[in-house]
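Peer 1: Let me give you the structure first, and then I'll get to my questions.
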Amino acid sequence: MSSLMPAPIAAPLVTAELVAQAAAYAEAGTAQATRRAYGSAWRTFTAWCQAHGAEALPCRAETLALYVTAQVEAGRSVSSVHLALAAVKKAHEVAGLEAPTAAPVVRQVTRGIRRQIGTAPRRIKAPAVVADIRRMVGTCGETAIGLRDRAVVLVGFAGAFRRAELVALDVEDCQFGPDGVTVTIRRSKTDQQGAGRVIGLPFGSVPGVCPVRALRAWMAAAGITSGPIFRGVSRHNRILGRLSAVGVARIVQHRAAACGLEAAQFGGHSLRAGFATAAAQAGRPERQIAHQTGHRNLQVLRRYIRAGELFTDNAAAGLL
């Protein structure tokens, strides 16, 4: 009977390389942008503690309550307070310590901050709606830079892309067909596991503002057949490497200024916000808008929808 029993499996050898790889995987479990934000917030917090003779790790609940109060009094937003609390909590978790963020005094102070100051987000950049997009595109000529900028603005708007999603697109992610372009978004802010999603960019009814035609024209002029789609362009029309997210913002602001709009009001996010706002103005259903934008938090999406519907069936219309 004992001969039928499986032989015991030897314990795997725990090497330094295995430990290092496990640590790398654990770190990768948090998005890089989140790690940077936590790091910045934690450095600010520890500097404050050092300046005031307080201990940052472990941190007393009373210290944390005083810190968030000081931040608000200095003009920091409620969202900055929430980030600071999250950073402090994460630092204590990593150190194997109990975080003070759940202490009654901290919860009471943060509750009071929310009630007195409010949590309404301050919109930093204006949405670029259809009229704005057409004006921006109208400033793009037939040079390499002009063709690139036209494609960035139109594809960014029609696909409701985040800046990082837009610049991450490769030729291999796009499939041209009779109805438009099928785009595979391999990773995004709300998809850190890389499950991916697929959206469609349909042909525009007006050729001059068609995202599909603009994309084809740019790729043909730049000779792009593989790799990054959106790239930098030198003053001598030499095609460079992958465009950065900051580059998208600069393109939008440049085109806004060129057509007479207030450039400071616009940025890379204006394309995505503009799509959601314009789609709501056109009466598109929420589910259709969410499918294109990839919003998982519908509360965020509904801010743009409400903005787009401010003058749709407005009760004040026609009263004066």
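In the structure tokens, each chain is lettered A, B, ... as it comes, each chain's residues begin at 1, and ligands are numbered from 1 in order of appearance.
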As a PyMOL selection string, please: the residues near Asp179 of chain A (cut-off 10 Å, only C-alpha atoms, same-chain neighbours under 6 positions excluded).
Peer 2: chain A and resi 200-203+212
Peer 1: Could you pull out the alpha helix (DSSP H) residues of segment 173-243 of chain A from DSSP and send them as a ChimeraX atom specification?
Peer 2: /A:211-222
Peer 1: Kindly indicate which residue among A:Cys140, A:Leu85, A:Leu57, A:Val129 lies nearest to Leu97 of chain A, using only C-alpha atoms for the distances.
Peer 2: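 Of all the options, A:Leu57 lies closest to Leu97 of chain A.
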Peer 1: Using only C-alpha atoms for the distances, tell me which of A:Met136, A:Val72, A:Ile224, A:Ile289 is nearest to Ala258 of chain A.
Peer 2: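 Among A:Met136, A:Val72, A:Ile224, A:Ile289, it is A:Met136 that comes nearest to Ala258 of chain A.
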Peer 1: Do you know which residues are at most 9 Å from Asp132 of chain A counting only C-alpha atoms, after dropping those on the same chain fewer than 6 positions away, and could you put them as a list in words?
Peer 2: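 Everything that qualifies: Ala256, Cys259, Leu261 and Gly274 of chain A.
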Peer 1: Between A:Val167, A:Thr101, A:Glu62, A:Gln281, which has the minimum distance to Val130 of chain A (counting only C-alpha atoms)?
Peer 2: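 Ranking A:Val167, A:Thr101, A:Glu62, A:Gln281 by distance to Val130 of chain A, first place goes to A:Gln281.
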Peer 1: Pick out the residues sitting within 10 Å of segment 170-176 of chain A, and hand them over as a VMD selection string; count only C-alpha atoms, and ignore anything fewer than 3 positions along from it in its own chain.
Peer 2: chain A and resid 166 to 167 179 to 186 198 to 201 212 216 219 224 to 230 242
Peer 1: Would you pick out the contacts of Val248 of chain A at 12 Å or less, using only C-alpha atoms, so that residues sharing its chain but fewer than 5 positions from it are not included, and give the list as number ranges by chain?
Peer 2: A: 148-157, 161-168, 230-232, 242-243, 253-255, 266-272
Peer 1: Enumerate as a ChimeraX atom specification all residues of segment 128-313 of chain A assigned to strand (DSSP E or B) by DSSP on the backbone, naming them with the chain letters and numbers the document uses.
Peer 2: /A:170,174-177,180-185,188,191,197-202,228,231-233,239-242
Peer 1: May I ask for the distance between atom CA of Gly204 of chain A and atom CA of Gly177 of chain A, given in Å to one decimal place?
Peer 2: 13.8 Å
Peer 1: Just checking: using only C-alpha atoms, which residue out of A:Gly75, A:Pro207, A:Pro100, A:Gly159 ends up closest to Pro58 of chain A?
Peer 2: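 Once distances to Pro58 of chain A are computed over only C-alpha atoms, the minimum belongs to A:Pro100.
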Peer 1: Using only C-alpha atoms, can you tell me which of A:Ala56, A:Leu83, A:Ala37, A:Ile113 comes closest to Ala70 of chain A?
Peer 2: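 Residue with the minimum atom-to-atom distance to Ala70 of chain A: A:Ile113.
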Peer 1: Hey, can you check how far atom CA of Thr46 of chain A sits from atom CA of Thr63 of chain A?
Peer 2: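 Calculated distance between atom CA of Thr46 of chain A and atom CA of Thr63 of chain A is 11.2 Å.
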Peer 1: Mind checking which residues fall within 12 Å of Asn237 of chain A, counting only C-alpha atoms, ignoring those fewer than 6 positions away in the same chain, and posting them as number ranges by chain?
Peer 2: A: 142-148, 221-222, 231
Peer 1: Write the residues of the preceding selection, restricted to N, CA and C atoms, as a short mmCIF file (atom, residue, chain, number, x, y, z; two decimals), in the first residue's frame.
Peer 2:
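So the final result, stored in selection-v1.cif, reads:
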data_model
loop_
_atom_site.label_atom_id
_atom_site.label_comp_id
_atom_site.auth_asym_id
_atom_site.auth_seq_id
_atom_site.Cartn_x
_atom_site.Cartn_y
_atom_site.Cartn_z
N GLU A 142 -0.65 70.50 -44.40
CA GLU A 142 -0.32 69.20 -44.98
C GLU A 142 1.14 68.81 -44.74
N THR A 143 1.82 69.53 -43.85
CA THR A 143 3.17 69.13 -43.47
C THR A 143 3.09 67.90 -42.58
N ALA A 144 4.25 67.31 -42.29
CA ALA A 144 4.26 66.14 -41.42
C ALA A 144 3.70 66.48 -40.04
N ILE A 145 4.09 67.64 -39.52
CA ILE A 145 3.59 68.05 -38.20
C ILE A 145 2.08 68.28 -38.26
N GLY A 146 1.62 68.93 -39.32
CA GLY A 146 0.19 69.19 -39.45
C GLY A 146 -0.62 67.91 -39.56
N LEU A 147 -0.13 66.95 -40.35
CA LEU A 147 -0.84 65.67 -40.49
C LEU A 147 -0.83 64.90 -39.17
N ARG A 148 0.30 64.96 -38.47
CA ARG A 148 0.38 64.29 -37.16
C ARG A 148 -0.58 64.91 -36.16
N ALA A 221 2.19 59.36 -44.77
CA ALA A 221 3.18 60.43 -44.95
C ALA A 221 4.44 60.15 -44.14
N ALA A 222 4.28 59.56 -42.96
CA ALA A 222 5.43 59.29 -42.09
C ALA A 222 6.08 57.95 -42.39
N ARG A 231 4.26 59.84 -33.20
CA ARG A 231 5.68 60.06 -32.96
C ARG A 231 6.01 61.56 -33.04
#
Peer 1: Would you mind reading off the distance between atom CA of Ala276 of chain A and atom CA of Pro127 of chain A, one decimal, in Å?
Peer 2: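 One can read the atom CA of Ala276 of chain A to atom CA of Pro127 of chain A distance as 8.6 Å.
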Peer 1: Pick the closest to Gly141 of chain A from A:Cys59, A:Val106, A:Ala217, A:Ala87: which is it, counting only C-alpha atoms?
Peer 2: A:Ala217
Peer 1: Hey, what's within 12 Å of Arg111 of chain A if we count only C-alpha atoms and toss same-chain stuff fewer than 3 positions away? As a list in words, please?
Peer 2: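 In the requested form, the answer reads Ala65, Val68, Thr69, Val78, Val81, His82, Ala102, Pro104, Val105, Val106, Arg107, Gln108, Arg114, Arg115, Gln116, Ile117, Gly118 and Thr119 of chain A.
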